[in-house]
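To keep things clear, I will list the structure first and then write my remarks on it.
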Amino acid sequence: MPTHQDIREVNRTMWSYGEYRHVADLLRPGAVDLIERLAPGPGTAHLDVATGNGNVAILSAQRGARVQGLDLTDEFFPDARERAAQAGVQVDLHRGDAEELPFEDESFDLVTSTYGVQFAPNHEAAAGEMARVCRVDGRIGMCNWTSRSWTAHFQEILSAYFPSPTGHQGQPMLWGDEDYLRELLGKQFALTAERRELWYPFPDAEALVAFFESCFGPCIAARNTISPPSRWFELRAEMVEMTERFVTADGRGTGVPVEYLLVVAEKKERV
Ligand SMILES: C[S@@+](CC[C@H](N)C(=O)[O-])C[C@H]1O[C@@H](n2cnc3c(N)ncnc32)[C@H](O)[C@@H]1O
């Protein structure tokens, strides 16, 4: 039976594979949306959980916020620091787990996570930690994949072939459900949410799957561990077939729309 520490280590390793920054470029418009909506300003004490290479953290720091970023893996931190330096800002980065935030109670005005905290295995612990470190009248802001998004289907195929050692006690995509989040954060929070869409511009399903196969840590981890290795080609064929159902051609060109829930929850009283 794997311990909590074993599971954390597997997750950390899984996320650290690949050229994550290319995936982060696809996710950046979600960070832009969230930061425009939250409008942090000079002096805002902001914690970005599961910060990756700093998409949200850097945008917030550019508006004058004092930003701390935390992630399970520090593999993306050199890239985050380089991007912050190019933007002329500073972000303090910490390696740590969303389920055990190394910060005092009520120490942030703003706590965010984009496509990140939803992958922590213990939902109650992760939500409880974000709630704990947020001050009263402060806000939690998130972008979370929904259960009908392309990402949800992608994860479903991965986990069907590759029984997850990651110890998920809850499905990550539940964080894309407004009612579930209301219950998770509790009555101390007033929550609003709206469905939005990212756009992954690829000429066809094959190109999109090839991209994720080469850049996205969890996909690379699955490919490295699947047994026998030939099963990867079955899995890959399913991913291409599933992605074909999402490919759209419209004014944006050809690509895949990817749904997420943009959430803002204001802390009304002490938890
Ligand atoms: C899809 S990426 C999103 C990164 C970033 N927020 C963005 O929007 O570009 C997911 C991130 O969650 C991090 N992560 C996963 N589980 C975590 C946990 N339990 N605690 C902290 N970070 C975690 C991963 O290491 C990875 O950087």
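Following the order of the structure tokens, first chain is A, next is B, and so on, with residues numbered from 1 inside each chain and ligands from 1 in the order they appear.
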task = Output the neighbourhood of ligand 1 as an NGL selection string, that is, all protein and nucleic acid residues with some atom at most 9 Å from the ligand, counting only C-alpha atoms and all ligand atoms.
result = :A and (8 or 11-16 or 20-21 or 23-28 or 30-31 or 48-57 or 70-76 or 95-101 or 112-122 or 126 or 143 or 216-217)
task = Write out as JSON, numbers by chain which residues come within 12 Å of A:Leu47 when counting only C-alpha atoms, dropping same-chain ones fewer than 4 positions away.
result = {"A": [40, 51, 54, 56, 57, 58, 60, 61, 65, 66, 67, 68, 69, 70, 71, 91, 92, 93, 94, 98, 101, 102, 103, 104, 106, 107, 108, 109, 110, 111, 112, 113, 114, 129, 130, 131, 133, 134, 135, 138, 139, 140, 141, 142]}
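The gap separating atom CA of A:Val10 from atom CA of A:Ala207 is 28.0 Å, in Å to one decimal.
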ask   = Hey, what's within 10 Å of stretch 230-234 of chain A if we count only C-alpha atoms and toss same-chain stuff fewer than 5 positions away? As an NGL selection string, please?
value = :A and (158 or 161-162 or 222-225 or 239)
Contacts of A:Gly176 at 6 Å (only C-alpha atoms; same-chain gap of 2+ positions) as a PDB file with C-alpha atoms, in the first residue's frame:
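Output file out_12.pdb is given in full below:
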```pdb
ATOM      1  CA  ASN A 144     -10.779  24.203 -13.400  1.00  0.00           C
ATOM      2  CA  TRP A 145     -11.366  21.761 -16.249  1.00  0.00           C
ATOM      3  CA  THR A 146     -14.960  20.540 -16.424  1.00  0.00           C
ATOM      4  CA  MET A 173     -12.898  17.068 -12.888  1.00  0.00           C
ATOM      5  CA  LEU A 174     -15.343  17.444  -9.980  1.00  0.00           C
ATOM      6  CA  LEU A 261     -14.953  26.757 -15.073  1.00  0.00           C
TER       7      LEU A 261
END
```
inquiry  = Ranking A:Val256, A:Leu262, A:Leu38, A:Ala80 by minimum distance to A:Tyr200 and counting only C-alpha atoms, which one comes first?
reply    =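 For A:Tyr200, the nearest of the given residues is A:Val256.
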query = Distance atom CA of A:Arg245-atom CA of A:Gly18, one decimal place?
reply =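 Interatomic distance, atom CA of A:Arg245 to atom CA of A:Gly18: 26.2 Å.
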note = For A:Phe189, the closest of A:Gly64, A:Gly128, A:Gly251, A:Pro78 counting only C-alpha atoms is A:Gly128
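If only C-alpha atoms are the atoms counted, then among A:Thr3, A:Thr243, A:Thr192, A:Thr44 the closest residue to A:Ala205 is A:Thr243.
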message = Among stretch 127-204 of chain A, which residues does DSSP mark as strand (DSSP E) when it is run on the backbone? Keep the chain and numbering as in the structure and answer as a ChimeraX atom specification.
response = /A:134-145,189-200
So that I have them on file, write out the residues from the current selection with C-alpha atoms, as a compact mmCIF listing (two decimals), in the first residue's frame.
```txt
# COMPACT_ATOMS: atom_id res chain seq x y z
CA CYS A 134 -7.18 33.28 2.58
CA ARG A 135 -8.09 36.23 4.79
CA VAL A 136 -11.70 37.22 5.51
CA ASP A 137 -12.92 39.42 2.60
CA GLY A 138 -10.16 37.88 0.50
CA ARG A 139 -10.86 35.74 -2.58
CA ILE A 140 -10.06 32.36 -4.06
CA GLY A 141 -9.90 32.34 -7.87
CA MET A 142 -9.61 29.23 -10.01
CA CYS A 143 -9.79 27.89 -13.53
CA ASN A 144 -10.78 24.20 -13.40
CA TRP A 145 -11.37 21.76 -16.25
CA PHE A 189 -17.53 31.48 0.83
CA ALA A 190 -19.80 33.31 -1.65
CA LEU A 191 -19.02 31.67 -4.96
CA THR A 192 -19.66 32.65 -8.56
CA ALA A 193 -18.66 30.57 -11.56
CA GLU A 194 -18.94 30.67 -15.32
CA ARG A 195 -18.02 28.25 -18.08
CA ARG A 196 -15.36 29.47 -20.48
CA GLU A 197 -13.23 27.96 -23.19
CA LEU A 198 -9.57 27.73 -24.12
CA TRP A 199 -8.66 27.16 -27.74
CA TYR A 200 -5.92 24.70 -28.72
```
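Across the model, the gap from atom CA of A:Arg37 to atom CA of A:Glu183 is 22.8 Å.
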request  = Pick out each residue of stretch 129-200 of chain A that DSSP on the backbone tags as alpha helix (DSSP H); I need them as a list in words.
outcome  = Glu129, Met130, Ala131, Arg132, Val133, Trp150, Thr151, Ala152, His153, Phe154, Gln155, Glu156, Ile157, Leu158, Ser159, Ala160, Tyr161, Glu178, Asp179, Tyr180, Leu181, Arg182, Glu183, Leu184 and Leu185 of chain A
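With only C-alpha atoms as the basis for measurement, A:Phe212 is the residue among A:Pro29, A:Phe212, A:Gly253, A:Asp105 that approaches A:Thr151 most closely.
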request  = Kindly indicate which residue among A:Ala39, A:Glu244, A:Gly186, A:Trp150 lies nearest to A:Val271, using only C-alpha atoms for the distances.
outcome  = A:Gly186
Among the residues A:Asp33, A:Glu178, A:Glu259, A:Glu124, the one that comes closest to A:Phe246 [using only C-alpha atoms] = A:Glu259
7 Å contact set for A:Ile220, only C-alpha atoms, chain neighbours under 6 positions out, as a PyMOL selection string = chain A and resi 17-18+213-214
Those same residues, written as a compact mmCIF listing (two decimals), in the first residue's frame with C-alpha atoms?
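Produced file again.txt, reproduced below:
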```txt
# COMPACT_ATOMS: atom_id res chain seq x y z
CA TYR A 17 8.54 15.20 -17.27
CA GLY A 18 8.58 16.95 -20.62
CA GLU A 213 2.70 13.02 -26.18
CA SER A 214 5.93 14.98 -26.42
```
key: Residue contacts of A:Lys187 (12 Å, only C-alpha atoms) excluding same-chain residues fewer than 5 positions away, as a ChimeraX atom specification   = /A:131,179,181-182,265-271
Residues from the last selection, C-alpha atoms, saved as a compact mmCIF listing (two decimals), in the first residue's frame:
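What follows is the written file result11.txt:
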```
# COMPACT_ATOMS: atom_id res chain seq x y z
CA ALA A 131 -9.60 28.50 2.51
CA ASP A 179 -22.22 22.78 -6.78
CA LEU A 181 -17.12 23.51 -5.17
CA ARG A 182 -19.80 25.23 -3.07
CA ALA A 265 -15.15 32.70 -4.19
CA GLU A 266 -15.13 35.47 -1.61
CA LYS A 267 -14.43 34.56 2.00
CA LYS A 268 -17.23 36.00 4.12
CA GLU A 269 -16.24 34.65 7.51
CA ARG A 270 -13.48 32.75 9.29
CA VAL A 271 -13.33 29.01 8.56
```
